[in-house]
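Structure below is upload-v9.pdb: PDB, C-alpha atoms, pLDDT in the B column.
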```pdb
ATOM      1  CA  MET A   1     163.940  23.956-138.649  1.00 58.00           C
ATOM      2  CA  MET A   2     161.734  21.625-140.708  1.00 71.00           C
ATOM      3  CA  LYS A   3     163.168  23.144-143.903  1.00 80.00           C
ATOM      4  CA  ASN A   4     166.681  22.209-142.765  1.00 85.00           C
ATOM      5  CA  SER A   5     165.586  18.626-142.039  1.00 89.00           C
ATOM      6  CA  LYS A   6     164.195  18.282-145.558  1.00 93.00           C
ATOM      7  CA  LEU A   7     167.369  19.788-146.994  1.00 94.00           C
ATOM      8  CA  ILE A   8     169.517  17.356-144.992  1.00 94.00           C
ATOM      9  CA  ILE A   9     167.483  14.432-146.352  1.00 95.00           C
ATOM     10  CA  ALA A  10     167.642  15.778-149.923  1.00 96.00           C
ATOM     11  CA  TYR A  11     171.425  16.349-149.775  1.00 96.00           C
ATOM     12  CA  SER A  12     171.945  12.899-148.262  1.00 96.00           C
ATOM     13  CA  ILE A  13     169.953  11.234-151.043  1.00 97.00           C
ATOM     14  CA  ILE A  14     171.736  13.218-153.778  1.00 97.00           C
ATOM     15  CA  LEU A  15     175.148  12.401-152.288  1.00 97.00           C
ATOM     16  CA  LEU A  16     174.258   8.721-152.014  1.00 96.00           C
ATOM     17  CA  LEU A  17     173.054   8.686-155.632  1.00 96.00           C
ATOM     18  CA  ILE A  18     176.299  10.323-156.785  1.00 97.00           C
ATOM     19  CA  ILE A  19     178.390   7.776-154.875  1.00 96.00           C
ATOM     20  CA  VAL A  20     176.374   4.871-156.312  1.00 96.00           C
ATOM     21  CA  SER A  21     176.680   6.427-159.800  1.00 96.00           C
ATOM     22  CA  ILE A  22     180.449   6.698-159.342  1.00 95.00           C
ATOM     23  CA  LEU A  23     180.789   3.104-158.162  1.00 93.00           C
ATOM     24  CA  THR A  24     178.655   1.810-161.018  1.00 94.00           C
ATOM     25  CA  GLY A  25     180.167   4.103-163.665  1.00 92.00           C
ATOM     26  CA  TYR A  26     176.841   5.690-164.615  1.00 94.00           C
ATOM     27  CA  ILE A  27     178.105   9.223-164.054  1.00 95.00           C
ATOM     28  CA  SER A  28     181.024   8.905-166.485  1.00 94.00           C
ATOM     29  CA  LEU A  29     179.177  10.546-169.383  1.00 95.00           C
ATOM     30  CA  ILE A  30     178.323  13.642-167.335  1.00 96.00           C
ATOM     31  CA  ASP A  31     181.860  13.856-165.940  1.00 97.00           C
ATOM     32  CA  SER A  32     183.489  13.548-169.356  1.00 96.00           C
ATOM     33  CA  SER A  33     181.093  16.061-170.940  1.00 97.00           C
ATOM     34  CA  VAL A  34     181.796  18.675-168.258  1.00 97.00           C
ATOM     35  CA  SER A  35     185.531  17.985-168.454  1.00 97.00           C
ATOM     36  CA  HIS A  36     185.518  18.414-172.228  1.00 97.00           C
ATOM     37  CA  PHE A  37     183.567  21.683-171.913  1.00 97.00           C
ATOM     38  CA  ILE A  38     185.972  23.090-169.296  1.00 97.00           C
ATOM     39  CA  GLN A  39     189.052  21.999-171.252  1.00 96.00           C
ATOM     40  CA  ASN A  40     187.742  23.819-174.345  1.00 96.00           C
ATOM     41  CA  LEU A  41     186.738  26.888-172.329  1.00 94.00           C
ATOM     42  CA  ALA A  42     190.160  27.089-170.675  1.00 95.00           C
ATOM     43  CA  VAL A  43     191.918  26.860-174.046  1.00 93.00           C
ATOM     44  CA  ASP A  44     189.584  29.353-175.744  1.00 93.00           C
ATOM     45  CA  PHE A  45     190.012  31.944-172.990  1.00 93.00           C
ATOM     46  CA  ARG A  46     193.663  31.114-172.203  1.00 94.00           C
ATOM     47  CA  LEU A  47     192.929  30.248-168.590  1.00 95.00           C
ATOM     48  CA  HIS A  48     195.721  27.712-168.054  1.00 94.00           C
ATOM     49  CA  ASN A  49     197.894  29.943-165.867  1.00 96.00           C
ATOM     50  CA  TYR A  50     194.936  31.312-163.906  1.00 96.00           C
ATOM     51  CA  LEU A  51     193.557  27.858-163.126  1.00 96.00           C
ATOM     52  CA  SER A  52     196.970  26.386-162.297  1.00 96.00           C
ATOM     53  CA  ILE A  53     197.967  29.233-159.986  1.00 96.00           C
ATOM     54  CA  PHE A  54     194.512  29.334-158.392  1.00 95.00           C
ATOM     55  CA  SER A  55     194.700  25.645-157.546  1.00 96.00           C
ATOM     56  CA  PHE A  56     198.156  26.111-156.002  1.00 96.00           C
ATOM     57  CA  ILE A  57     197.260  29.202-153.960  1.00 97.00           C
ATOM     58  CA  PHE A  58     194.196  27.523-152.475  1.00 97.00           C
ATOM     59  CA  SER A  59     195.803  24.138-151.853  1.00 96.00           C
ATOM     60  CA  PRO A  60     194.313  22.259-148.882  1.00 96.00           C
ATOM     61  CA  LEU A  61     197.217  23.202-146.601  1.00 96.00           C
ATOM     62  CA  HIS A  62     197.047  26.895-147.497  1.00 97.00           C
ATOM     63  CA  THR A  63     193.283  26.902-147.096  1.00 98.00           C
ATOM     64  CA  VAL A  64     193.388  25.151-143.708  1.00 98.00           C
ATOM     65  CA  ILE A  65     195.713  27.949-142.542  1.00 98.00           C
ATOM     66  CA  LEU A  66     193.220  30.471-143.933  1.00 97.00           C
ATOM     67  CA  ILE A  67     190.403  28.722-142.039  1.00 98.00           C
ATOM     68  CA  ALA A  68     192.425  28.933-138.805  1.00 98.00           C
ATOM     69  CA  VAL A  69     192.935  32.679-139.325  1.00 97.00           C
ATOM     70  CA  LEU A  70     189.240  33.170-140.111  1.00 97.00           C
ATOM     71  CA  LEU A  71     188.238  31.174-137.014  1.00 97.00           C
ATOM     72  CA  LEU A  72     190.542  33.355-134.919  1.00 97.00           C
ATOM     73  CA  GLY A  73     188.845  36.423-136.363  1.00 95.00           C
ATOM     74  CA  LEU A  74     185.450  34.906-135.626  1.00 94.00           C
ATOM     75  CA  PHE A  75     186.570  34.168-132.056  1.00 95.00           C
ATOM     76  CA  ILE A  76     187.559  37.802-131.603  1.00 93.00           C
ATOM     77  CA  LEU A  77     184.402  39.226-133.188  1.00 90.00           C
ATOM     78  CA  ASN A  78     181.709  36.694-132.270  1.00 85.00           C
ATOM     79  CA  LYS A  79     182.591  34.078-129.649  1.00 85.00           C
ATOM     80  CA  LYS A  80     179.106  32.562-129.836  1.00 85.00           C
ATOM     81  CA  LYS A  81     179.516  31.460-133.456  1.00 89.00           C
ATOM     82  CA  VAL A  82     183.070  30.156-133.194  1.00 93.00           C
ATOM     83  CA  LEU A  83     182.106  26.776-131.676  1.00 92.00           C
ATOM     84  CA  LEU A  84     179.695  26.034-134.541  1.00 93.00           C
ATOM     85  CA  TYR A  85     182.243  26.927-137.209  1.00 96.00           C
ATOM     86  CA  LEU A  86     185.125  25.162-135.472  1.00 96.00           C
ATOM     87  CA  ILE A  87     183.182  21.897-135.110  1.00 95.00           C
ATOM     88  CA  PHE A  88     181.827  22.279-138.653  1.00 97.00           C
ATOM     89  CA  SER A  89     185.296  22.886-140.140  1.00 98.00           C
ATOM     90  CA  VAL A  90     187.006  19.969-138.398  1.00 98.00           C
ATOM     91  CA  THR A  91     184.103  17.566-138.979  1.00 98.00           C
ATOM     92  CA  THR A  92     183.848  18.413-142.674  1.00 98.00           C
ATOM     93  CA  ILE A  93     187.551  17.928-143.317  1.00 98.00           C
ATOM     94  CA  ILE A  94     187.518  14.592-141.452  1.00 98.00           C
ATOM     95  CA  ILE A  95     184.442  13.364-143.331  1.00 98.00           C
ATOM     96  CA  GLY A  96     185.913  14.446-146.682  1.00 97.00           C
ATOM     97  CA  THR A  97     189.163  12.629-145.944  1.00 97.00           C
ATOM     98  CA  LEU A  98     187.351   9.480-144.764  1.00 97.00           C
ATOM     99  CA  LEU A  99     185.206   9.454-147.914  1.00 97.00           C
ATOM    100  CA  LYS A 100     188.317   9.823-150.084  1.00 96.00           C
ATOM    101  CA  TYR A 101     189.847   6.671-148.594  1.00 96.00           C
ATOM    102  CA  THR A 102     186.537   4.786-148.434  1.00 95.00           C
ATOM    103  CA  VAL A 103     185.391   5.346-152.027  1.00 94.00           C
ATOM    104  CA  GLN A 104     188.954   5.237-153.475  1.00 94.00           C
ATOM    105  CA  ARG A 105     187.948   6.594-156.858  1.00 96.00           C
ATOM    106  CA  PRO A 106     190.933   6.786-159.224  1.00 95.00           C
ATOM    107  CA  ARG A 107     191.839  10.238-160.510  1.00 95.00           C
ATOM    108  CA  PRO A 108     191.214  11.181-164.157  1.00 95.00           C
ATOM    109  CA  SER A 109     194.989  11.269-164.706  1.00 92.00           C
ATOM    110  CA  ASP A 110     197.402   8.507-163.729  1.00 90.00           C
ATOM    111  CA  LEU A 111     200.056  11.204-163.272  1.00 91.00           C
ATOM    112  CA  ILE A 112     198.450  12.456-160.044  1.00 92.00           C
ATOM    113  CA  ASP A 113     198.691  10.429-156.843  1.00 93.00           C
ATOM    114  CA  GLY A 114     195.830   9.792-154.452  1.00 94.00           C
ATOM    115  CA  TYR A 115     192.127   9.404-154.897  1.00 95.00           C
ATOM    116  CA  SER A 116     189.642  11.628-156.632  1.00 96.00           C
ATOM    117  CA  PHE A 117     186.400  11.599-154.633  1.00 96.00           C
ATOM    118  CA  PRO A 118     185.682  14.079-153.099  1.00 97.00           C
ATOM    119  CA  SER A 119     187.834  17.027-154.119  1.00 97.00           C
ATOM    120  CA  LEU A 120     189.510  18.200-150.908  1.00 97.00           C
ATOM    121  CA  HIS A 121     190.677  21.393-152.650  1.00 97.00           C
ATOM    122  CA  THR A 122     187.045  22.281-153.326  1.00 98.00           C
ATOM    123  CA  LEU A 123     185.732  20.980-150.012  1.00 98.00           C
ATOM    124  CA  ILE A 124     188.223  22.840-147.813  1.00 98.00           C
ATOM    125  CA  LEU A 125     187.898  26.067-149.811  1.00 98.00           C
ATOM    126  CA  PHE A 126     184.100  25.903-149.455  1.00 98.00           C
ATOM    127  CA  VAL A 127     184.540  25.454-145.690  1.00 98.00           C
ATOM    128  CA  ALA A 128     186.698  28.597-145.685  1.00 98.00           C
ATOM    129  CA  ILE A 129     183.979  30.453-147.574  1.00 98.00           C
ATOM    130  CA  PHE A 130     181.383  29.408-144.983  1.00 96.00           C
ATOM    131  CA  VAL A 131     183.607  30.755-142.192  1.00 97.00           C
ATOM    132  CA  LEU A 132     184.318  33.938-144.160  1.00 97.00           C
ATOM    133  CA  LEU A 133     180.589  34.528-144.637  1.00 96.00           C
ATOM    134  CA  ALA A 134     180.080  34.091-140.886  1.00 94.00           C
ATOM    135  CA  LEU A 135     182.510  36.975-140.442  1.00 91.00           C
ATOM    136  CA  TYR A 136     181.411  39.185-143.295  1.00 89.00           C
ATOM    137  CA  ASN A 137     178.100  38.294-144.931  1.00 89.00           C
ATOM    138  CA  LYS A 138     177.791  41.030-147.557  1.00 92.00           C
ATOM    139  CA  GLY A 139     176.661  40.897-151.181  1.00 93.00           C
ATOM    140  CA  ILE A 140     180.089  41.561-152.697  1.00 95.00           C
ATOM    141  CA  VAL A 141     181.654  38.826-150.559  1.00 95.00           C
ATOM    142  CA  LYS A 142     178.961  36.394-151.713  1.00 96.00           C
ATOM    143  CA  VAL A 143     179.600  37.265-155.381  1.00 97.00           C
ATOM    144  CA  ILE A 144     183.368  36.871-154.981  1.00 96.00           C
ATOM    145  CA  SER A 145     182.796  33.591-153.107  1.00 97.00           C
ATOM    146  CA  VAL A 146     180.757  32.175-155.997  1.00 97.00           C
ATOM    147  CA  ILE A 147     183.506  33.153-158.458  1.00 97.00           C
ATOM    148  CA  VAL A 148     186.164  31.622-156.196  1.00 97.00           C
ATOM    149  CA  ILE A 149     184.382  28.298-155.742  1.00 97.00           C
ATOM    150  CA  ILE A 150     183.541  27.980-159.459  1.00 97.00           C
ATOM    151  CA  SER A 151     187.179  28.781-160.270  1.00 97.00           C
ATOM    152  CA  MET A 152     188.340  26.034-157.916  1.00 98.00           C
ATOM    153  CA  MET A 153     185.933  23.494-159.368  1.00 97.00           C
ATOM    154  CA  CYS A 154     187.048  24.364-162.904  1.00 97.00           C
ATOM    155  CA  SER A 155     190.743  24.317-161.982  1.00 97.00           C
ATOM    156  CA  ARG A 156     190.538  20.841-160.452  1.00 97.00           C
ATOM    157  CA  ILE A 157     188.676  19.496-163.493  1.00 97.00           C
ATOM    158  CA  TYR A 158     190.946  21.307-165.970  1.00 97.00           C
ATOM    159  CA  LEU A 159     194.100  19.972-164.288  1.00 96.00           C
ATOM    160  CA  ASN A 160     192.695  16.408-164.514  1.00 96.00           C
ATOM    161  CA  ALA A 161     192.862  16.035-160.751  1.00 96.00           C
ATOM    162  CA  HIS A 162     189.119  15.522-160.319  1.00 97.00           C
ATOM    163  CA  PHE A 163     185.884  14.779-162.084  1.00 97.00           C
ATOM    164  CA  PHE A 164     182.930  17.157-162.017  1.00 98.00           C
ATOM    165  CA  SER A 165     181.046  14.828-159.677  1.00 97.00           C
ATOM    166  CA  ASP A 166     183.955  15.009-157.198  1.00 98.00           C
ATOM    167  CA  THR A 167     183.792  18.788-157.021  1.00 98.00           C
ATOM    168  CA  LEU A 168     180.000  18.930-156.927  1.00 98.00           C
ATOM    169  CA  SER A 169     179.922  16.337-154.153  1.00 98.00           C
ATOM    170  CA  SER A 170     182.377  18.439-152.146  1.00 98.00           C
ATOM    171  CA  LEU A 171     179.889  21.318-152.150  1.00 98.00           C
ATOM    172  CA  ILE A 172     177.073  19.013-151.084  1.00 98.00           C
ATOM    173  CA  ILE A 173     179.164  17.472-148.291  1.00 98.00           C
ATOM    174  CA  VAL A 174     180.121  20.883-146.892  1.00 98.00           C
ATOM    175  CA  HIS A 175     176.556  22.167-146.827  1.00 97.00           C
ATOM    176  CA  LEU A 176     175.225  18.868-145.471  1.00 97.00           C
ATOM    177  CA  VAL A 177     177.729  18.806-142.612  1.00 98.00           C
ATOM    178  CA  PHE A 178     177.039  22.459-141.810  1.00 97.00           C
ATOM    179  CA  LEU A 179     173.298  21.820-141.593  1.00 96.00           C
ATOM    180  CA  CYS A 180     173.805  18.718-139.416  1.00 95.00           C
ATOM    181  CA  VAL A 181     176.271  20.372-137.016  1.00 95.00           C
ATOM    182  CA  ASN A 182     174.071  23.456-136.765  1.00 92.00           C
ATOM    183  CA  LYS A 183     170.991  21.319-136.071  1.00 91.00           C
ATOM    184  CA  ILE A 184     172.778  19.281-133.374  1.00 90.00           C
ATOM    185  CA  LEU A 185     174.169  22.359-131.639  1.00 87.00           C
ATOM    186  CA  GLU A 186     170.768  24.090-131.768  1.00 85.00           C
ATOM    187  CA  LYS A 187     169.072  21.002-130.329  1.00 82.00           C
ATOM    188  CA  TYR A 188     171.393  20.905-127.372  1.00 79.00           C
ATOM    189  CA  THR A 189     171.552  24.735-127.181  1.00 70.00           C
ATOM    190  CA  ILE A 190     175.323  24.624-126.966  1.00 60.00           C
ATOM    191  CA  TYR A 191     175.682  28.004-128.656  1.00 52.00           C
TER     192      TYR A 191
END
```
Represent the structure contained in this file as structure tokens.
Amino acid sequence: MMKNSKLIIAYSIILLLIIVSILTGYISLIDSSVSHFIQNLAVDFRLHNYLSIFSFIFSPLHTVILIAVLLLGLFILNKKKVLLYLIFSVTTIIIGTLLKYTVQRPRPSDLIDGYSFPSLHTLILFVAIFVLLALYNKGIVKVISVIVIISMMCSRIYLNAHFFSDTLSSLIIVHLVFLCVNKILEKYTIY
């Protein structure tokens, strides 16, 4: 329990530092360096189609539907866990959306509407992975999950929809919200 409290504090500080770095422009060098690296990697390995299709398949709407299906499966298999993952999923998506409209960071490309921070594609997919791992927490699923989330991060950066710090922050937000919701529910022994 104490470990989770320290992790919550650490994630909160890191997220705050990233937001301040975005607002002040100090993170631009890191974002552009990662973007340049991914652009070159995608060209060298001919990943354009893979990254484009991947980003479409796991769009926020598609992934929210996937989360609903996974939550239904969790309800059928483990009713005790479903409340945690339902509250976590809804809370994370709301927080991500609120941050997007609060920070209002412009996207890397003027051709794409909306705001950049955080990446909702990455955030919602990571939520789905958390729910999937609650259903089936095996080594192969963990390995595939890492590949999937890295692919999403790279696709969003490659397509100039997000900066690296947007995608990284999405991962931090998801884990932070999970830890907080879990801690609150444990405290009040709701599940």
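Of the residues under consideration (A:Tyr50, A:Ile67, A:Thr97, A:His162), A:Ile67 shows the shortest atom-to-atom contact distance to Leu133 in chain A when counting only C-alpha atoms.
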Might you pull out every residue within 6 Å of range 163-176 of chain A, with only C-alpha atoms counted and same-chain residues fewer than 3 positions away left off, and present them as a list in words?
Ile8, Asp31, Phe117, Pro118, Ser119, Leu123, Met153, Ile157 and Leu179 of chain A
Of the listed residues A:Val90, A:Met152, A:Ile13, A:Leu70, that which approaches Phe56 in chain A most closely, counting all atoms listed in the file
A:Met152
The PyMOL selection byres ((chain A and resi 48) around 12) - which residues does that actually catch in the file I just gave you? List them as a PyMOL selection string.
chain A and resi 38-47+49-55+151+154-159
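Across the chains present, the PyMOL selection byres ((chain A and resi 104) around 10) applied to this file returns A:Leu23, A:Leu98, A:Leu99, A:Lys100, A:Tyr101, A:Thr102, A:Val103, A:Arg105, A:Pro106, A:Arg107, A:Gly114, A:Tyr115, A:Ser116, A:Phe117, A:Pro118.
Matched in the shown structure by the PyMOL selection byres ((chain A and resi 66) around 12): Ile57, Phe58, Ser59, Pro60, Leu61, His62, Thr63, Val64, Ile65, Ile67, Ala68, Val69, Leu70, Leu71, Leu72, Gly73, Ser89, Ile124, Leu125, Phe126, Val127, Ala128, Ile129, Phe130, Val131 and Leu132 of chain A.
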Phe88 in chain A surroundings by only C-alpha atoms, 8 Å radius, close-in-sequence under 5 positions cut, as a ChimeraX atom specification
/A:177-178,181
Identify the residues around (194.3, 15.8, -162.7) within a radius of 6 Å, measuring from all atoms listed in the file in the coordinates stated by the file, and give them as a PyMOL selection string.
chain A and resi 108-109+112+159-162
